[in-house]
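For reference, the structure is listed below as structure tokens.
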Amino acid sequence: MALDIKKFIGRFVEEAKDHLGRMGQGLSALEQGSASAEEVNSLFRSVHTLKGSSRMLKLEPITQLAHSLEDVLSALRDQQLQVSHGLMSALYQGIDVLSDQVEQLAEHGEVAENPALQDLCQLLSGLAQNQIEQPKHAL
């Protein structure tokens, strides 16, 4: 019996939209300085779930970006990074691109390669590893 991958893609899209909505709210709280440690953990768990589910379905562009976002959120959670305008801009950009990829998947049944994705993943990874200097002022 062959698996109906479309059924799994549909379920992934539904769950991804839920996670992306929660992530948007979490980023807003983080930006306003009102995010608790649990809210940062919740952000991390959402992106971790997206990464795992997309990997299982071989949705490589989503997996790549989710992994890079996960690295940044892990560093924030471990207090290796401070919230800054540059960091928030990169996180919002990552969530926007993820949302676009999920919409593409919903409409076309696949995710097209995005030429800017590699640059965004490198930016996020550099931020996570403190290889990119953040602005001195925190939010």
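Ordering of the structure tokens sets the chain letters (A, B, ...), residue numbers begin anew at 1 in every chain, and ligands are numbered from 1 in the order given.
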> Which neighbours of stretch 67-73 of chain A fall inside 8 Å, counting only C-alpha atoms, when residues of the same chain fewer than 4 positions from it are skipped, and could you give them as an MDAnalysis selection string?
Replying inline: chainID A and resid 40 43:44 47:48 51 63 77 91 94 121:122 124:125 127:128
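Between atom CA of A:Glu39 and atom CA of A:Gln118 lies a distance of 27.6 Å.
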>> So, with only C-alpha atoms as the atoms that count, which of A:Ser42, A:Asn114, A:Gln79, A:Gln25 lies closest to A:Asn130?
In response: A:Gln79
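With only C-alpha atoms as the atoms that count, the residue of A:Asp78, A:Asp100, A:Glu15, A:Glu38 with the shortest distance to A:Gln129 is A:Asp78.
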>> List as a list in words the protein and nucleic acid residues near stretch 106-108 of chain A, meaning an atom at most 12 Å away when only C-alpha atoms are counted, but skip any in the same chain fewer than 6 places from it.
In response: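 Surrounding residues, per the criterion: Lys6, Lys7, Phe8, Ile9, Gly10, Arg11, Phe12, Val13, Glu14, Glu15, Ala16, Lys17, Ser99 and Asp100 of chain A.
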> DSSP on the backbone: what in chain A comes out helix (DSSP H, G or I), as a PyMOL selection string?
Replying inline: chain A and resi 5-32+37-56+60-77+85-108+117-128
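Minimum atom-to-atom distance to A:Gly24, evaluated using only C-alpha atoms, belongs to A:Tyr92 out of A:Gly86, A:Gln80, A:Tyr92, A:Met56.
Comparing the minimum interatomic distances between A:Asp96 and each of A:Gln82, A:Gln64, A:Gly21, A:Ala37, counting only C-alpha atoms, we find that A:Gly21 sits nearest.
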> Of the candidates A:Leu59, A:Leu27, A:Ala35, A:Leu20, which shows the shortest atom-to-atom distance to A:Ile5, using only C-alpha atoms?
Replying inline: A:Leu59
>> List as number ranges by chain the protein and nucleic acid residues near A:Leu98, meaning an atom at most 8 Å away when only C-alpha atoms are counted, but skip any in the same chain fewer than 6 places from it.
In response: A: 62, 65-66
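Atom CA of A:Ala29 to atom CA of A:Glu60 spans 29.1 Å [interatomic distance, one decimal].
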> In terms of the shortest atom-to-atom distance over only C-alpha atoms, which of A:Ser53, A:Asp119, A:Arg22, A:Ser36 is closest to A:Gln93?
Replying inline: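 The shortest atom-to-atom distance to A:Gln93 comes from A:Asp119.
When atom CA of A:Glu113 is paired with atom CA of A:Thr49, their separation reads 21.1 Å.
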